[in-house]
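Colleague: Have a look at the structure that comes next, please.
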Amino acid sequence: MARVVPLIGQLHHHSARRARADAIAGLVSAVSLLPQALAFGTLAGLPAVAGLYTALGAATVFALLTGTRFVAVGPASTMALLTFATVHELAGDDAARATVLAAGLAVMMGVWCLLGAALRLQGLADFLSAPVLLGYLAGVAVELIASQVGPLLGIATYGSDPLRKLWQVITHLDQIQPLSAAMGLGALAALVLLRRYLPGWPGALVICLGAIALSAVAGLADRGVAVIGPVSGGPPDFVRIDLTADEVWALLLPSLGLALIALIETVSAVRHAAINVGERTSLDRETAALGVASLVSGALGGFAPMASTPRTLSARGAGAHCQAFQLIAAGCVLFVLYTGGPLYGLLPYAVLAAIVIVNAPRLLDITGFARLWRGWRAEGAIALVSMAGVLALGVLRGLLIAVALSIVQLVRRAARPHDAVLAVTVGEREPREIAEADSPHPDILIYRVDAPLFFANAQRVRQRVLSLVAARQPRPGSVILDTEAVFYVDATAADALAQLTVDLRALECRLALADVHASVLAVLRANPYRDGATRQLPAYPTVREAFTAMRKR
């Protein structure tokens, strides 16, 4: 049973002291989760209570199925924005249909996650490079902020494009609702000040409770301030997800995009938790747990969930010892659903918009951009292009841009690997890199390539060696190929090395191998290309030994 529900094993040696610590961590998690869940529910274009349903279903299921002790899963701003962008165009103004479509999107994301776990595809989370992901998340942050300026000021906006919504706000500033704007801007300022001067306080919950009290006393709903309205009491009902074939097809690619994004953040949270406590986890299991959590969230009328690295680290910092903390947080959500509906119904939308805007900058890493631009200008440009793709084409298409950029970056690096010309000097054990124009021993060229050789780079390596030989005067009589980093040679590369051997012979130049891997040497010894030109190539354990042998010849 403990293999199916790891929490049972985690509780096996639980003490009263640890139980108290988990209870405190659960309450701390719930304090931040409750207002954010309501805010993210509205951000998804759904009733605010949908965020609570997502928190309840995802936290409960993931806590039971995950093998980690601290990873927290629930509603997230990124997933809410993606849900809105996907569902709004299909549902139009039909709120009931939007709920069904969001639930269907969550279920389909869960299926993708389960499929990824079954096929052991969690390594895809490492495919997006750090610069691409940095730019992508920055674009999402800008879109989150842009989408909430209208609700913050009480200006009605239309459509699903956040930047277009921002433009509507800018061109209709005369429609600002004074009381809504006062509530929104006041909440925004208070959240910033609380985070700055009282970081230990549950700022979002304090602001929400204060806004509810003010809304009740001043009757803000009767004075034109948009509030979230009644939050239904009791546990959620299961949603009947009846999608047409066209709707399933329309949700297919977006659900895959959501699964990829959720997987990236979940793997990040798992690794942060594992690094902090030294535990080892199965990413396949975590992917499956996320998938089931998404299935249940959709069935309850919520939207697709995602792991939260900040809440994960917060739980660990609050003293959590196992996933019991997340069950306690889910219990708090259920308590609010039973008892807090009328109160939360008085909460102004402008306050929820302020909560989203304050949380959005966590995705915007200005320091990361500056660091990239100073040290890796090309990768900084890639990050900016990735961000521009999100802003110009939307979050889902921006994700495709990010994936395409990662592929281009990977292919470019594979096709143009780092290489160097080396020199063997007296008194130094290892050869050192020198400028290509230098020739401390003109009769021998030592060349190193730092990558496996395959179809994308083999011909470039061959041309590099030939051009280096041709550029030297007098022309060297020997070339030593340092293959320490070459752990693989495919058929195209075997052909290219055979052709290089033939080309160098025509120039009266001998080719030798140094520090060659046994598997690579076996391939070259059996290489049939160019009449087996590489079969008799001399191979030496080190560059220095190859250099000494070539000198004697």
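To be explicit about the labels: the chains of the structure tokens are called A, B, and onward in the order shown, and within each one the residues are counted from 1, while ligands get numbers from 1 in the order they are shown.
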With a distance cut-off of 10 Å and only C-alpha atoms, select the neighbouring residues of Ala250 (chain A), excluding the residue or stretch itself and same-chain residues fewer than 3 positions from it, and output the selection as a list in words.
Modeller: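 Here the qualifying residues turn out to be Thr86, Val87, Leu90, Leu105, Thr244, Ala245, Asp246, Glu247, Leu253, Pro254 and Ser255 of chain A.
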Colleague: Quick one: write out the picked residues with C-alpha atoms as a short mmCIF file (atom, residue, chain, number, x, y, z; two decimals), in the first residue's frame?
Modeller:
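This is the output file part.cif:
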data_model
loop_
_atom_site.label_atom_id
_atom_site.label_comp_id
_atom_site.auth_asym_id
_atom_site.auth_seq_id
_atom_site.Cartn_x
_atom_site.Cartn_y
_atom_site.Cartn_z
CA THR A 86 -7.47 28.59 -24.90
CA VAL A 87 -11.02 28.48 -23.59
CA LEU A 90 -14.13 28.53 -27.92
CA LEU A 105 -8.47 20.96 -21.00
CA THR A 244 -17.53 17.68 -29.30
CA ALA A 245 -14.96 16.17 -31.65
CA ASP A 246 -14.08 19.66 -32.90
CA GLU A 247 -13.54 20.89 -29.34
CA LEU A 253 -2.29 21.01 -28.92
CA PRO A 254 -2.98 23.52 -26.11
CA SER A 255 -3.30 20.68 -23.60
#
Colleague: Find the nearest atom pair between each residue of region 1-88 of chain A and region 315-333 of chain A for residues within 8 Å, count only C-alpha atoms, give distances in Å to one decimal, sort rows by chain and ascending number, and present the table as CSV.
Modeller:
residue,atom,partner,partner_atom,distance
A:Leu7,CA,A:Gln323,CA,6.4
A:Gln10,CA,A:Cys322,CA,6.2
A:Leu11,CA,A:Cys322,CA,7.6
A:Arg18,CA,A:His321,CA,6.4
A:Ala21,CA,A:Gly319,CA,5.4
A:Asp22,CA,A:Ala320,CA,4.6
A:Ala23,CA,A:Phe325,CA,5.8
A:Ile24,CA,A:Ala318,CA,7.1
A:Ala25,CA,A:Ala318,CA,5.0
A:Gly26,CA,A:Phe325,CA,4.1
A:Leu27,CA,A:Ala329,CA,6.0
A:Val28,CA,A:Ala318,CA,7.4
A:Ser29,CA,A:Ala329,CA,6.2
A:Ala30,CA,A:Ala329,CA,4.8
A:Leu34,CA,A:Val333,CA,6.8
A:Leu52,CA,A:Val333,CA,6.5
A:Ala55,CA,A:Ala330,CA,6.8
A:Leu56,CA,A:Ala330,CA,5.0
A:Gly57,CA,A:Ala330,CA,8.0
A:Ala59,CA,A:Gln326,CA,5.9
A:Thr60,CA,A:Leu327,CA,5.6
A:Ala63,CA,A:Gln323,CA,5.2
A:Leu64,CA,A:Gln323,CA,7.6
A:Thr68,CA,A:Gln323,CA,7.6
A:Arg69,CA,A:Cys322,CA,4.4
A:Phe70,CA,A:Gln323,CA,6.1
A:Val71,CA,A:Gln323,CA,7.9
A:Ala72,CA,A:Gln326,CA,6.8
Colleague: The selected residues should be written to file as a CSV table (one decimal), in the first residue's frame (atoms: C-alpha atoms).
Modeller:
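Once everything was written out, this is again-v6.csv:
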chain,number,residue,atom,x,y,z
A,7,LEU,CA,2.4,9.2,2.3
A,10,GLN,CA,6.2,9.0,5.3
A,11,LEU,CA,3.9,8.8,8.3
A,18,ARG,CA,6.6,16.5,13.3
A,21,ALA,CA,5.3,21.1,12.2
A,22,ASP,CA,3.3,19.8,9.3
A,23,ALA,CA,0.1,21.4,10.6
A,24,ILE,CA,1.8,24.8,10.9
A,25,ALA,CA,3.3,24.4,7.4
A,26,GLY,CA,-0.1,23.4,6.0
A,27,LEU,CA,-1.7,26.5,7.6
A,28,VAL,CA,1.1,28.7,6.2
A,29,SER,CA,0.6,27.2,2.8
A,30,ALA,CA,-3.2,27.7,3.0
A,34,LEU,CA,-6.6,30.7,-0.7
A,52,LEU,CA,-10.5,26.6,-5.0
A,55,ALA,CA,-6.5,23.7,-5.1
A,56,LEU,CA,-8.6,21.1,-3.4
A,57,GLY,CA,-8.3,18.4,-6.1
A,59,ALA,CA,-3.3,19.2,-3.5
A,60,THR,CA,-5.2,16.2,-2.2
A,63,ALA,CA,-0.1,14.6,-1.7
A,64,LEU,CA,-1.3,11.0,-1.8
A,68,THR,CA,8.4,13.7,-2.6
A,69,ARG,CA,7.8,15.2,0.8
A,70,PHE,CA,7.5,18.9,0.1
A,71,VAL,CA,6.4,19.6,-3.5
A,72,ALA,CA,3.2,21.7,-3.5
Colleague: Looking at A:Ala218, A:Ala58, A:Leu258, A:Gly224, which one is nearest to Thr78 (chain A), with distances taken over only C-alpha atoms?
Modeller: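 Looking at the shortest contact to Thr78 (chain A), the residue is A:Leu258.
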Colleague: Counting only C-alpha atoms, which residues in region 382-497 of chain A sit no more than 12 Å from region 502-516 of chain A? For each one, give the nearest pair of atoms and the distance in Å, sorted by chain then residue number, as JSON lines.
Modeller:
{"residue": "A:Glu430", "atom": "CA", "partner": "A:Asp515", "partner_atom": "CA", "distance": 12.0}
{"residue": "A:Pro431", "atom": "CA", "partner": "A:Ala514", "partner_atom": "CA", "distance": 11.8}
{"residue": "A:Asp443", "atom": "CA", "partner": "A:Cys509", "partner_atom": "CA", "distance": 9.7}
{"residue": "A:Ile444", "atom": "CA", "partner": "A:Cys509", "partner_atom": "CA", "distance": 9.3}
{"residue": "A:Leu445", "atom": "CA", "partner": "A:Leu511", "partner_atom": "CA", "distance": 9.6}
{"residue": "A:Ile446", "atom": "CA", "partner": "A:Ala512", "partner_atom": "CA", "distance": 9.6}
{"residue": "A:Tyr447", "atom": "CA", "partner": "A:Leu513", "partner_atom": "CA", "distance": 10.0}
{"residue": "A:Arg448", "atom": "CA", "partner": "A:Ala514", "partner_atom": "CA", "distance": 9.5}
{"residue": "A:Val449", "atom": "CA", "partner": "A:Ala514", "partner_atom": "CA", "distance": 11.7}
{"residue": "A:Pro452", "atom": "CA", "partner": "A:Val516", "partner_atom": "CA", "distance": 11.6}
{"residue": "A:Arg462", "atom": "CA", "partner": "A:Asp503", "partner_atom": "CA", "distance": 9.4}
{"residue": "A:Gln463", "atom": "CA", "partner": "A:Asp503", "partner_atom": "CA", "distance": 10.3}
{"residue": "A:Val465", "atom": "CA", "partner": "A:Leu504", "partner_atom": "CA", "distance": 9.3}
{"residue": "A:Leu466", "atom": "CA", "partner": "A:Leu504", "partner_atom": "CA", "distance": 7.6}
{"residue": "A:Ser467", "atom": "CA", "partner": "A:Leu504", "partner_atom": "CA", "distance": 11.1}
{"residue": "A:Leu468", "atom": "CA", "partner": "A:Leu504", "partner_atom": "CA", "distance": 11.6}
{"residue": "A:Val469", "atom": "CA", "partner": "A:Leu504", "partner_atom": "CA", "distance": 8.7}
{"residue": "A:Ala470", "atom": "CA", "partner": "A:Leu507", "partner_atom": "CA", "distance": 9.1}
{"residue": "A:Pro474", "atom": "CA", "partner": "A:Cys509", "partner_atom": "CA", "distance": 11.9}
{"residue": "A:Arg475", "atom": "CA", "partner": "A:Cys509", "partner_atom": "CA", "distance": 8.5}
{"residue": "A:Pro476", "atom": "CA", "partner": "A:Cys509", "partner_atom": "CA", "distance": 6.8}
{"residue": "A:Gly477", "atom": "CA", "partner": "A:Cys509", "partner_atom": "CA", "distance": 4.5}
{"residue": "A:Ser478", "atom": "CA", "partner": "A:Arg510", "partner_atom": "CA", "distance": 4.6}
{"residue": "A:Val479", "atom": "CA", "partner": "A:Leu511", "partner_atom": "CA", "distance": 4.9}
{"residue": "A:Ile480", "atom": "CA", "partner": "A:Ala512", "partner_atom": "CA", "distance": 4.9}
{"residue": "A:Leu481", "atom": "CA", "partner": "A:Leu513", "partner_atom": "CA", "distance": 5.0}
{"residue": "A:Asp482", "atom": "CA", "partner": "A:Ala514", "partner_atom": "CA", "distance": 4.9}
{"residue": "A:Thr483", "atom": "CA", "partner": "A:Val516", "partner_atom": "CA", "distance": 5.2}
{"residue": "A:Glu484", "atom": "CA", "partner": "A:Asp515", "partner_atom": "CA", "distance": 5.1}
{"residue": "A:Ala485", "atom": "CA", "partner": "A:Val516", "partner_atom": "CA", "distance": 8.5}
{"residue": "A:Val486", "atom": "CA", "partner": "A:Val516", "partner_atom": "CA", "distance": 7.5}
{"residue": "A:Phe487", "atom": "CA", "partner": "A:Val516", "partner_atom": "CA", "distance": 8.2}
{"residue": "A:Tyr488", "atom": "CA", "partner": "A:Val516", "partner_atom": "CA", "distance": 10.3}
{"residue": "A:Val489", "atom": "CA", "partner": "A:Val516", "partner_atom": "CA", "distance": 11.3}
{"residue": "A:Asp495", "atom": "CA", "partner": "A:Val502", "partner_atom": "CA", "distance": 10.7}
{"residue": "A:Ala496", "atom": "CA", "partner": "A:Val502", "partner_atom": "CA", "distance": 9.8}
{"residue": "A:Leu497", "atom": "CA", "partner": "A:Val502", "partner_atom": "CA", "distance": 8.7}
Colleague: Find the residues around Tyr53 (chain A) up to 12 Å (only C-alpha atoms counted), leave out those fewer than 2 positions away in its own chain, and share them as number ranges by chain.
Modeller: A: 33-34, 37-38, 40-41, 46-51, 55-60, 74-75, 99, 103, 231-239, 293-294, 296-305, 330-331, 333-334, 336-337
Colleague: Could you please take those selected residues and save N, CA and C atoms as a short mmCIF file (atom, residue, chain, number, x, y, z; two decimals), in the first residue's frame?
Modeller:
data_model
loop_
_atom_site.label_atom_id
_atom_site.label_comp_id
_atom_site.auth_asym_id
_atom_site.auth_seq_id
_atom_site.Cartn_x
_atom_site.Cartn_y
_atom_site.Cartn_z
N LEU A 33 -2.31 30.22 -0.34
CA LEU A 33 -3.01 29.52 -1.41
C LEU A 33 -4.43 30.04 -1.62
N LEU A 34 -5.15 30.35 -0.55
CA LEU A 34 -6.56 30.72 -0.68
C LEU A 34 -6.79 31.97 -1.53
N ALA A 37 -5.70 31.28 -5.14
CA ALA A 37 -6.61 30.40 -5.87
C ALA A 37 -7.80 31.17 -6.42
N LEU A 38 -8.37 32.05 -5.60
CA LEU A 38 -9.49 32.87 -6.07
C LEU A 38 -9.05 33.79 -7.21
N PHE A 40 -6.53 33.37 -9.30
CA PHE A 40 -6.21 32.62 -10.51
C PHE A 40 -7.47 32.06 -11.16
N GLY A 41 -8.51 31.79 -10.35
CA GLY A 41 -9.78 31.35 -10.93
C GLY A 41 -10.37 32.41 -11.83
N LEU A 46 -12.91 32.02 -15.34
CA LEU A 46 -13.89 31.12 -14.73
C LEU A 46 -14.40 31.75 -13.43
N PRO A 47 -15.44 31.19 -12.84
CA PRO A 47 -15.81 31.65 -11.50
C PRO A 47 -14.63 31.51 -10.55
N ALA A 48 -14.50 32.44 -9.62
CA ALA A 48 -13.35 32.42 -8.72
C ALA A 48 -13.24 31.10 -7.96
N VAL A 49 -14.39 30.48 -7.69
CA VAL A 49 -14.37 29.24 -6.94
C VAL A 49 -13.66 28.12 -7.69
N ALA A 50 -13.51 28.25 -9.01
CA ALA A 50 -12.78 27.23 -9.78
C ALA A 50 -11.35 27.10 -9.30
N GLY A 51 -10.77 28.22 -8.83
CA GLY A 51 -9.43 28.15 -8.28
C GLY A 51 -9.38 27.33 -7.00
N ALA A 55 -7.33 23.89 -6.30
CA ALA A 55 -6.46 23.72 -5.14
C ALA A 55 -6.84 22.48 -4.35
N LEU A 56 -8.13 22.26 -4.17
CA LEU A 56 -8.60 21.11 -3.39
C LEU A 56 -8.23 19.80 -4.08
N GLY A 57 -8.59 19.67 -5.35
CA GLY A 57 -8.35 18.41 -6.05
C GLY A 57 -6.88 18.12 -6.25
N ALA A 58 -6.11 19.12 -6.72
CA ALA A 58 -4.70 18.90 -7.03
C ALA A 58 -3.90 18.61 -5.77
N ALA A 59 -4.11 19.40 -4.72
CA ALA A 59 -3.33 19.23 -3.49
C ALA A 59 -3.59 17.86 -2.86
N THR A 60 -4.86 17.46 -2.82
CA THR A 60 -5.21 16.18 -2.18
C THR A 60 -4.61 15.01 -2.94
N GLY A 74 -0.92 23.01 -7.25
CA GLY A 74 -2.22 23.69 -7.17
C GLY A 74 -2.39 24.65 -8.32
N PRO A 75 -3.32 25.60 -8.20
CA PRO A 75 -3.54 26.58 -9.26
C PRO A 75 -2.33 27.50 -9.41
N THR A 99 -16.52 26.67 -18.29
CA THR A 99 -16.18 25.76 -17.19
C THR A 99 -15.96 24.34 -17.72
N ALA A 103 -12.39 22.36 -17.79
CA ALA A 103 -12.28 21.04 -17.17
C ALA A 103 -11.76 20.02 -18.17
N VAL A 231 -19.80 32.60 -3.63
CA VAL A 231 -18.97 31.41 -3.80
C VAL A 231 -19.76 30.24 -3.20
N SER A 232 -20.12 29.29 -4.05
CA SER A 232 -21.01 28.22 -3.60
C SER A 232 -20.40 27.46 -2.45
N GLY A 233 -21.23 27.09 -1.47
CA GLY A 233 -20.74 26.36 -0.32
C GLY A 233 -20.71 24.87 -0.57
N GLY A 234 -20.00 24.17 0.28
CA GLY A 234 -19.96 22.72 0.20
C GLY A 234 -18.93 22.24 -0.79
N PRO A 235 -18.76 20.94 -0.84
CA PRO A 235 -17.76 20.37 -1.74
C PRO A 235 -18.21 20.53 -3.19
N PRO A 236 -17.27 20.51 -4.12
CA PRO A 236 -17.63 20.68 -5.53
C PRO A 236 -18.35 19.46 -6.07
N ASP A 237 -19.18 19.69 -7.09
CA ASP A 237 -19.82 18.60 -7.80
C ASP A 237 -18.95 18.21 -8.99
N PHE A 238 -19.03 16.94 -9.37
CA PHE A 238 -18.29 16.50 -10.53
C PHE A 238 -18.90 17.10 -11.79
N VAL A 239 -18.05 17.56 -12.68
CA VAL A 239 -18.49 18.21 -13.91
C VAL A 239 -18.63 17.17 -15.01
N ALA A 293 -3.57 14.36 -10.70
CA ALA A 293 -4.03 15.59 -10.05
C ALA A 293 -4.78 16.48 -11.03
N SER A 294 -4.30 16.55 -12.26
CA SER A 294 -4.97 17.36 -13.28
C SER A 294 -6.31 16.74 -13.67
N VAL A 296 -8.29 14.97 -11.75
CA VAL A 296 -9.24 15.20 -10.67
C VAL A 296 -9.64 16.67 -10.61
N SER A 297 -8.69 17.57 -10.82
CA SER A 297 -9.01 19.00 -10.83
C SER A 297 -10.05 19.31 -11.90
N GLY A 298 -9.87 18.74 -13.09
CA GLY A 298 -10.85 18.96 -14.14
C GLY A 298 -12.20 18.37 -13.79
N ALA A 299 -12.19 17.18 -13.21
CA ALA A 299 -13.46 16.53 -12.86
C ALA A 299 -14.23 17.33 -11.82
N LEU A 300 -13.53 18.07 -10.96
CA LEU A 300 -14.18 18.86 -9.92
C LEU A 300 -14.62 20.23 -10.40
N GLY A 301 -14.31 20.57 -11.67
CA GLY A 301 -14.69 21.87 -12.19
C GLY A 301 -13.60 22.91 -12.08
N GLY A 302 -12.37 22.47 -11.83
CA GLY A 302 -11.24 23.39 -11.80
C GLY A 302 -10.54 23.44 -13.13
N PHE A 303 -9.30 23.91 -13.11
CA PHE A 303 -8.50 23.98 -14.33
C PHE A 303 -7.16 23.29 -14.09
N ALA A 304 -6.32 23.26 -15.09
CA ALA A 304 -5.07 22.50 -15.01
C ALA A 304 -4.16 23.06 -13.91
N PRO A 305 -3.62 22.19 -13.03
CA PRO A 305 -2.74 22.64 -11.95
C PRO A 305 -1.27 22.56 -12.35
N ALA A 330 -5.35 21.52 1.91
CA ALA A 330 -6.57 21.17 1.19
C ALA A 330 -7.77 21.18 2.13
N GLY A 331 -7.57 20.74 3.40
CA GLY A 331 -8.65 20.80 4.38
C GLY A 331 -9.09 22.22 4.65
N VAL A 333 -8.95 24.64 2.47
CA VAL A 333 -9.74 25.03 1.28
C VAL A 333 -11.16 24.49 1.40
N LEU A 334 -11.29 23.25 1.81
CA LEU A 334 -12.62 22.65 1.95
C LEU A 334 -13.43 23.39 3.02
N VAL A 336 -13.18 26.54 3.79
CA VAL A 336 -13.62 27.81 3.19
C VAL A 336 -14.80 27.57 2.24
N LEU A 337 -14.76 26.48 1.50
CA LEU A 337 -15.87 26.18 0.60
C LEU A 337 -17.17 25.97 1.39
#
